[in-house]
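Here the structure comes first, spelled out in structure tokens, and everything after it is commentary.
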Amino acid sequence: GVSGALLSNTCVGSEVSGIVTFSGCSVNEAASGYTLTASDQSLPSLPQVTSTPFTVTTGPASQLAFVNSPAGGTAAQAFAVQPVVAIEDAGGNVVSSGSTSGVTLSITGGAPLTCASNTVTISNGVASFAGCSTTSAGDNISLTASSGGFSPAISQLFNIVAGVASASTSTVVASPVSVKANGTSSSTVTVTAEDANNNPEIGDTITLTAGSGSSLITTVSGTTNSSGQATFVVADNTAQIVVYTAHDQTDSVTLPTVTVTFTSDPASATVST
């Protein structure tokens, strides 16, 4: 039999004229070579007796279940653990024959799900998917497996993180783009780091450098928040045009640039009497 298999607690015996007859007995795992052992707890001196070996077969197919659930991954990359869905009987045993239905997967939240084939035919009781991925990052994602005649099965929850930061989708914005060059007037530079599928880069380290000049850069928040944003404040004592470049140090990616113009203060008027 199977190690850890359980005999049902509905297996109850009744004694008549020294003969105990049991009813309601079942085993939760399909396998061959099982035996039952009988003993009389009220007469421990009596030897135990063991039945002849017998086989327990699977029951009728009654449910879908995930054998393998994705364990997380990176957006736009194939899950490290690909989904496998089984047809099972009520005891959780895979029913390896009698069903050639197709199983279809969907993903929570309306995110796109791509697989080599999103409808897989059951073979030997299981449907094994390949190449499944999603372009959307997020937490507590699940898959739902559907097949005609069975209630849908839901996978374990998993998380998908953003891919590498992309210069083509990330933005660097200065507000305002023109300020006085007096060392105190400033512009706020907001860096929004995203991967190629517009997923925010969360927790990445961002730096900002000036292309030239004596600009003063203050880091307000150099670690991206849940929106993928980091912020800086820039100022200058010299009238000049400064080009700033953002860098995602976590992913080793150079992000776009932004230009801020620092203008001279007009000469102060002097009034004499």
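Convention: chains lettered A, B, ... in structure tokens order; per-chain residue numbering from 1; ligands numbered from 1 as shown.
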inquiry  = Which residues are close to Ser117 in chain A, i.e. within 9 Å by only C-alpha atoms, leaving aside same-chain residues fewer than 2 positions away? Reply as a VMD selection string.
reply    = chain A and resid 104 114 to 115 119 to 120 129 to 132
key: Within 9 Å of Pro70 in chain A using only C-alpha atoms, minus same-chain residues under 6 positions, as a list of chain:residue names   =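 So, after excluding close chain neighbours, the residues are A:Phe79, A:Ala80, A:Val81, A:Gln82, A:Pro83, A:Ser142, A:Leu143, A:Ser155, A:Gln156, A:Leu157, A:Phe158, A:Asn159.
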Two-atom distance - CA of Ser23 in chain A, CA of Val95 in chain A (Å) = 25.3 Å
remark   = For Tyr34 in chain A, the closest of A:Gly13, A:Gly4, A:Gly72, A:Gly163 counting only C-alpha atoms is A:Gly4
query = Ser227 in chain A: which residues within 7 Å, counting only C-alpha atoms, same-chain residues fewer than 2 positions away excluded, as a ChimeraX atom specification?
reply = /A:200,225,229
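For range 173-181 of chain A, the list of residues within 7 Å, based on only C-alpha atoms and with local chain neighbours fewer than 3 positions off taken out, reads A:Ser185, A:Ser186, A:Ser187, A:Thr188, A:Val189, A:Thr190, A:Val191, A:Asp236, A:Asn237, A:Thr238, A:Ala239, A:Val258, A:Thr259, A:Val260, A:Thr261, A:Phe262, A:Thr263, A:Ser264, A:Asp265.
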Writer output for current selection, C-alpha atoms, as a CSV table (one decimal), in the first residue's frame:
```
chain,number,residue,atom,x,y,z
A,185,SER,CA,15.1,78.4,-5.8
A,186,SER,CA,14.8,74.7,-6.8
A,187,SER,CA,13.2,72.3,-9.2
A,188,THR,CA,11.9,68.8,-8.2
A,189,VAL,CA,13.0,66.0,-10.4
A,190,THR,CA,10.8,62.9,-10.4
A,191,VAL,CA,12.1,59.6,-11.7
A,236,ASP,CA,22.2,76.2,-8.7
A,237,ASN,CA,24.1,79.4,-8.0
A,238,THR,CA,25.2,79.8,-11.6
A,239,ALA,CA,23.0,80.7,-14.5
A,258,VAL,CA,15.9,65.9,-18.2
A,259,THR,CA,17.0,69.5,-18.7
A,260,VAL,CA,16.6,72.4,-16.2
A,261,THR,CA,17.5,76.0,-17.0
A,262,PHE,CA,18.9,78.2,-14.2
A,263,THR,CA,18.4,81.9,-15.0
A,264,SER,CA,20.1,85.0,-13.6
A,265,ASP,CA,18.3,87.2,-11.0
```
Long-range neighbours of range 244-246 of chain A as an mmCIF file with N, CA, C and O atoms, in the first residue's frame, 12 Å cut-off, only C-alpha atoms, 3 positions minimum in chain:
```cif
data_model
loop_
_atom_site.group_PDB
_atom_site.id
_atom_site.type_symbol
_atom_site.label_atom_id
_atom_site.label_comp_id
_atom_site.auth_asym_id
_atom_site.auth_seq_id
_atom_site.Cartn_x
_atom_site.Cartn_y
_atom_site.Cartn_z
ATOM 1 N N ALA A 165 14.604 47.365 -15.390
ATOM 2 C CA ALA A 165 14.165 48.710 -15.751
ATOM 3 C C ALA A 165 14.486 49.007 -17.214
ATOM 4 O O ALA A 165 15.512 48.576 -17.746
ATOM 5 N N SER A 166 13.572 49.728 -17.851
ATOM 6 C CA SER A 166 13.727 50.048 -19.266
ATOM 7 C C SER A 166 13.782 51.560 -19.457
ATOM 8 O O SER A 166 12.921 52.297 -18.947
ATOM 9 N N ALA A 167 14.768 52.029 -20.212
ATOM 10 C CA ALA A 167 14.877 53.464 -20.495
ATOM 11 C C ALA A 167 13.742 53.947 -21.389
ATOM 12 O O ALA A 167 13.365 55.120 -21.347
ATOM 13 N N SER A 170 10.591 54.224 -18.832
ATOM 14 C CA SER A 170 10.798 55.042 -17.634
ATOM 15 C C SER A 170 10.818 56.518 -18.017
ATOM 16 O O SER A 170 11.112 56.879 -19.162
ATOM 17 N N THR A 171 10.493 57.372 -17.055
ATOM 18 C CA THR A 171 10.457 58.815 -17.319
ATOM 19 C C THR A 171 11.212 59.578 -16.240
ATOM 20 O O THR A 171 11.323 59.123 -15.093
ATOM 21 N N VAL A 172 11.739 60.742 -16.638
ATOM 22 C CA VAL A 172 12.378 61.668 -15.710
ATOM 23 C C VAL A 172 11.801 63.046 -16.006
ATOM 24 O O VAL A 172 11.934 63.561 -17.125
ATOM 25 N N VAL A 173 11.147 63.644 -15.011
ATOM 26 C CA VAL A 173 10.417 64.895 -15.211
ATOM 27 C C VAL A 173 10.888 65.926 -14.192
ATOM 28 O O VAL A 173 11.023 65.605 -12.994
ATOM 29 N N ALA A 174 11.118 67.159 -14.644
ATOM 30 C CA ALA A 174 11.496 68.263 -13.762
ATOM 31 C C ALA A 174 10.353 69.262 -13.675
ATOM 32 O O ALA A 174 9.713 69.582 -14.681
ATOM 33 N N VAL A 177 10.794 73.639 -15.015
ATOM 34 C CA VAL A 177 11.964 73.374 -15.858
ATOM 35 C C VAL A 177 12.888 74.584 -15.923
ATOM 36 O O VAL A 177 13.987 74.498 -16.485
ATOM 37 N N SER A 187 14.106 73.042 -8.387
ATOM 38 C CA SER A 187 13.216 72.257 -9.234
ATOM 39 C C SER A 187 13.184 70.838 -8.673
ATOM 40 O O SER A 187 14.207 70.311 -8.220
ATOM 41 N N THR A 188 12.023 70.215 -8.702
ATOM 42 C CA THR A 188 11.887 68.826 -8.247
ATOM 43 C C THR A 188 11.955 67.890 -9.445
ATOM 44 O O THR A 188 11.198 68.043 -10.408
ATOM 45 N N VAL A 189 12.881 66.941 -9.376
ATOM 46 C CA VAL A 189 13.032 65.953 -10.442
ATOM 47 C C VAL A 189 12.432 64.634 -9.958
ATOM 48 O O VAL A 189 12.855 64.089 -8.932
ATOM 49 N N THR A 190 11.444 64.140 -10.697
ATOM 50 C CA THR A 190 10.775 62.875 -10.354
ATOM 51 C C THR A 190 11.152 61.814 -11.368
ATOM 52 O O THR A 190 10.922 61.979 -12.571
ATOM 53 N N VAL A 191 11.731 60.735 -10.873
ATOM 54 C CA VAL A 191 12.111 59.607 -11.729
ATOM 55 C C VAL A 191 11.096 58.488 -11.522
ATOM 56 O O VAL A 191 10.845 58.065 -10.390
ATOM 57 N N THR A 192 10.487 58.051 -12.609
ATOM 58 C CA THR A 192 9.565 56.913 -12.559
ATOM 59 C C THR A 192 10.202 55.765 -13.334
ATOM 60 O O THR A 192 10.323 55.820 -14.558
ATOM 61 N N ALA A 193 10.626 54.741 -12.609
ATOM 62 C CA ALA A 193 11.316 53.607 -13.225
ATOM 63 C C ALA A 193 10.324 52.481 -13.486
ATOM 64 O O ALA A 193 9.611 52.046 -12.573
ATOM 65 N N THR A 205 17.253 51.278 -6.254
ATOM 66 C CA THR A 205 18.056 52.433 -5.874
ATOM 67 C C THR A 205 18.305 53.294 -7.112
ATOM 68 O O THR A 205 18.835 52.806 -8.123
ATOM 69 N N ILE A 206 17.916 54.570 -7.031
ATOM 70 C CA ILE A 206 18.047 55.504 -8.143
ATOM 71 C C ILE A 206 19.026 56.611 -7.756
ATOM 72 O O ILE A 206 18.991 57.123 -6.634
ATOM 73 N N THR A 207 19.889 56.996 -8.689
ATOM 74 C CA THR A 207 20.773 58.148 -8.486
ATOM 75 C C THR A 207 20.549 59.137 -9.612
ATOM 76 O O THR A 207 20.055 58.784 -10.696
ATOM 77 N N LEU A 208 20.930 60.396 -9.362
ATOM 78 C CA LEU A 208 20.782 61.467 -10.354
ATOM 79 C C LEU A 208 22.109 62.200 -10.455
ATOM 80 O O LEU A 208 22.690 62.584 -9.432
ATOM 81 N N THR A 209 22.601 62.364 -11.659
ATOM 82 C CA THR A 209 23.864 63.066 -11.869
ATOM 83 C C THR A 209 23.664 64.219 -12.849
ATOM 84 O O THR A 209 22.799 64.163 -13.732
ATOM 85 N N ALA A 210 24.494 65.269 -12.679
ATOM 86 C CA ALA A 210 24.460 66.426 -13.573
ATOM 87 C C ALA A 210 25.538 66.266 -14.631
ATOM 88 O O ALA A 210 26.669 65.850 -14.343
ATOM 89 N N GLY A 211 25.204 66.621 -15.873
ATOM 90 C CA GLY A 211 26.155 66.465 -16.957
ATOM 91 C C GLY A 211 27.340 67.404 -16.850
ATOM 92 O O GLY A 211 28.452 67.067 -17.242
ATOM 93 N N SER A 212 27.108 68.578 -16.293
ATOM 94 C CA SER A 212 28.183 69.559 -16.138
ATOM 95 C C SER A 212 27.719 70.629 -15.166
ATOM 96 O O SER A 212 26.567 70.647 -14.723
ATOM 97 N N GLY A 213 28.632 71.549 -14.822
ATOM 98 C CA GLY A 213 28.260 72.672 -13.973
ATOM 99 C C GLY A 213 28.356 72.355 -12.498
ATOM 100 O O GLY A 213 28.861 71.307 -12.089
ATOM 101 N N SER A 214 27.854 73.309 -11.715
ATOM 102 C CA SER A 214 27.987 73.217 -10.252
ATOM 103 C C SER A 214 26.637 73.023 -9.572
ATOM 104 O O SER A 214 26.389 73.529 -8.484
ATOM 105 N N SER A 215 25.752 72.335 -10.222
ATOM 106 C CA SER A 215 24.408 72.145 -9.689
ATOM 107 C C SER A 215 24.435 71.421 -8.349
ATOM 108 O O SER A 215 25.277 70.559 -8.092
ATOM 109 N N LEU A 216 23.486 71.788 -7.479
ATOM 110 C CA LEU A 216 23.329 71.155 -6.177
ATOM 111 C C LEU A 216 22.181 70.145 -6.267
ATOM 112 O O LEU A 216 21.060 70.501 -6.636
ATOM 113 N N ILE A 217 22.467 68.879 -5.952
ATOM 114 C CA ILE A 217 21.452 67.821 -6.030
ATOM 115 C C ILE A 217 21.191 67.289 -4.631
ATOM 116 O O ILE A 217 22.120 66.861 -3.943
ATOM 117 N N THR A 219 18.969 64.447 -2.582
ATOM 118 C CA THR A 219 18.130 63.254 -2.717
ATOM 119 C C THR A 219 17.017 63.299 -1.686
ATOM 120 O O THR A 219 17.262 63.295 -0.487
ATOM 121 N N GLY A 222 15.753 58.247 -2.643
ATOM 122 C CA GLY A 222 16.508 57.566 -3.681
ATOM 123 C C GLY A 222 16.078 56.136 -3.908
ATOM 124 O O GLY A 222 16.620 55.463 -4.789
ATOM 125 N N GLN A 229 8.643 55.407 -8.154
ATOM 126 C CA GLN A 229 9.150 56.773 -8.207
ATOM 127 C C GLN A 229 10.191 57.068 -7.132
ATOM 128 O O GLN A 229 10.087 56.618 -5.989
ATOM 129 N N ALA A 230 11.202 57.856 -7.536
ATOM 130 C CA ALA A 230 12.202 58.428 -6.641
ATOM 131 C C ALA A 230 12.266 59.928 -6.955
ATOM 132 O O ALA A 230 12.028 60.331 -8.101
ATOM 133 N N THR A 231 12.565 60.748 -5.962
ATOM 134 C CA THR A 231 12.536 62.199 -6.162
ATOM 135 C C THR A 231 13.827 62.856 -5.697
ATOM 136 O O THR A 231 14.469 62.413 -4.739
ATOM 137 N N PHE A 232 14.150 63.948 -6.389
ATOM 138 C CA PHE A 232 15.343 64.732 -6.098
ATOM 139 C C PHE A 232 14.995 66.213 -6.215
ATOM 140 O O PHE A 232 14.044 66.595 -6.909
ATOM 141 N N VAL A 233 15.767 67.058 -5.539
ATOM 142 C CA VAL A 233 15.627 68.509 -5.649
ATOM 143 C C VAL A 233 16.952 69.064 -6.157
ATOM 144 O O VAL A 233 18.026 68.719 -5.631
ATOM 145 N N VAL A 234 16.887 69.927 -7.187
ATOM 146 C CA VAL A 234 18.105 70.505 -7.767
ATOM 147 C C VAL A 234 18.040 72.031 -7.683
ATOM 148 O O VAL A 234 16.978 72.636 -7.802
ATOM 149 N N ALA A 235 19.199 72.632 -7.469
ATOM 150 C CA ALA A 235 19.331 74.087 -7.402
ATOM 151 C C ALA A 235 20.705 74.456 -7.942
ATOM 152 O O ALA A 235 21.573 73.596 -8.152
ATOM 153 N N ILE A 241 22.419 75.987 -18.202
ATOM 154 C CA ILE A 241 21.499 74.896 -18.537
ATOM 155 C C ILE A 241 22.165 73.593 -18.118
ATOM 156 O O ILE A 241 23.304 73.320 -18.505
ATOM 157 N N GLN A 249 20.496 51.942 -10.214
ATOM 158 C CA GLN A 249 21.672 51.204 -9.776
ATOM 159 C C GLN A 249 21.369 49.733 -9.519
ATOM 160 O O GLN A 249 22.245 48.870 -9.685
ATOM 161 N N SER A 252 21.337 48.331 -12.983
ATOM 162 C CA SER A 252 22.458 48.802 -13.813
ATOM 163 C C SER A 252 21.971 49.315 -15.162
ATOM 164 O O SER A 252 22.469 48.929 -16.235
ATOM 165 N N VAL A 253 20.984 50.192 -15.118
ATOM 166 C CA VAL A 253 20.391 50.741 -16.338
ATOM 167 C C VAL A 253 20.417 52.263 -16.263
ATOM 168 O O VAL A 253 20.062 52.855 -15.232
ATOM 169 N N THR A 254 20.844 52.904 -17.352
ATOM 170 C CA THR A 254 20.789 54.361 -17.457
ATOM 171 C C THR A 254 19.413 54.761 -17.961
ATOM 172 O O THR A 254 18.967 54.295 -19.022
ATOM 173 N N LEU A 255 18.760 55.626 -17.225
ATOM 174 C CA LEU A 255 17.396 56.062 -17.549
ATOM 175 C C LEU A 255 17.450 57.373 -18.329
ATOM 176 O O LEU A 255 18.532 57.922 -18.557
ATOM 177 N N PRO A 256 16.313 57.915 -18.752
ATOM 178 C CA PRO A 256 16.325 59.140 -19.560
ATOM 179 C C PRO A 256 16.912 60.352 -18.831
ATOM 180 O O PRO A 256 17.171 60.327 -17.628
ATOM 181 N N THR A 257 17.094 61.429 -19.595
ATOM 182 C CA THR A 257 17.620 62.690 -19.068
ATOM 183 C C THR A 257 16.513 63.736 -18.995
ATOM 184 O O THR A 257 15.456 63.583 -19.601
ATOM 185 N N VAL A 258 16.804 64.798 -18.245
ATOM 186 C CA VAL A 258 15.896 65.948 -18.189
ATOM 187 C C VAL A 258 16.747 67.206 -18.073
ATOM 188 O O VAL A 258 17.842 67.176 -17.493
ATOM 189 N N THR A 259 16.259 68.293 -18.640
ATOM 190 C CA THR A 259 17.021 69.541 -18.659
ATOM 191 C C THR A 259 16.338 70.598 -17.795
ATOM 192 O O THR A 259 15.116 70.778 -17.879
ATOM 193 N N VAL A 260 17.137 71.259 -16.979
ATOM 194 C CA VAL A 260 16.642 72.372 -16.157
ATOM 195 C C VAL A 260 17.472 73.609 -16.496
ATOM 196 O O VAL A 260 18.714 73.528 -16.550
ATOM 197 N N THR A 261 16.788 74.742 -16.723
ATOM 198 C CA THR A 261 17.469 76.004 -17.025
ATOM 199 C C THR A 261 17.494 76.879 -15.784
ATOM 200 O O THR A 261 16.438 77.174 -15.195
#
```
message = Give me, as a PyMOL selection string, the residues of range 4-176 of chain A that a backbone DSSP run labels strand (DSSP E or B).
response = chain A and resi 7+12-16+19-23+27+31-34+37-38+49-50+54-56+63-68+73-74+84-88+94+102-107+114+119-121+123+126-128+133+138-141+143-146+153-154+158-161+165+171-175
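Going from CA of Gly92 in chain A to CA of Ser106 in chain A covers 22.5 Å.
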task = Could you tell me how far CA of Ser146 in chain A lies from CA of Ala65 in chain A, in Å and to one decimal?
result =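 Going from CA of Ser146 in chain A over to CA of Ala65 in chain A covers 10.0 Å.
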inquiry  = Taking only C-alpha atoms into account, name the residue in A:Ser14, A:Ser96, A:Thr144, A:Leu43 that is nearest to Asn118 in chain A.
reply    =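 Result for the nearest residue to Asn118 in chain A: A:Thr144.
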key: Minimum-distance residue to Val164 in chain A, chosen among A:Ser147, A:Thr184, A:Gln77, A:Leu105 (using only C-alpha atoms)   =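 Nearest to Val164 in chain A: A:Gln77.
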Residue nearest Ser136 in chain A - candidates A:Gly203, A:Gly73, A:Gly102, A:Gly149, atoms counted: only C-alpha atoms = A:Gly73
message = Measuring between only C-alpha atoms, which one of A:Val243, A:Val16, A:Ala76, A:Val94 shows the shortest distance to Asp195 in chain A?
response =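 Selected residue with least distance to Asp195 in chain A: A:Ala76.
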query = Nearest to Glu15 in chain A: which of A:Glu88, A:Asp204, A:Asp40, A:Glu194 is it, counting only C-alpha atoms?
reply =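 Residue with the minimum atom-to-atom distance to Glu15 in chain A: A:Asp40.
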message = List as an MDAnalysis selection string the protein and nucleic acid residues near Phe54 in chain A, meaning an atom at most 8 Å away when only C-alpha atoms are counted, but skip any in the same chain fewer than 3 places from it.
response = chainID A and resid 32:35
With C-alpha atoms retained, write the just-selected residues as an mmCIF file, in the first residue's frame.
```
data_model
loop_
_atom_site.group_PDB
_atom_site.id
_atom_site.type_symbol
_atom_site.label_atom_id
_atom_site.label_comp_id
_atom_site.auth_asym_id
_atom_site.auth_seq_id
_atom_site.Cartn_x
_atom_site.Cartn_y
_atom_site.Cartn_z
ATOM 1 C CA SER A 32 -2.160 -2.432 -4.239
ATOM 2 C CA GLY A 33 -0.746 -4.609 -1.474
ATOM 3 C CA TYR A 34 -2.836 -3.268 1.398
ATOM 4 C CA THR A 35 -3.559 -5.494 4.390
#
```
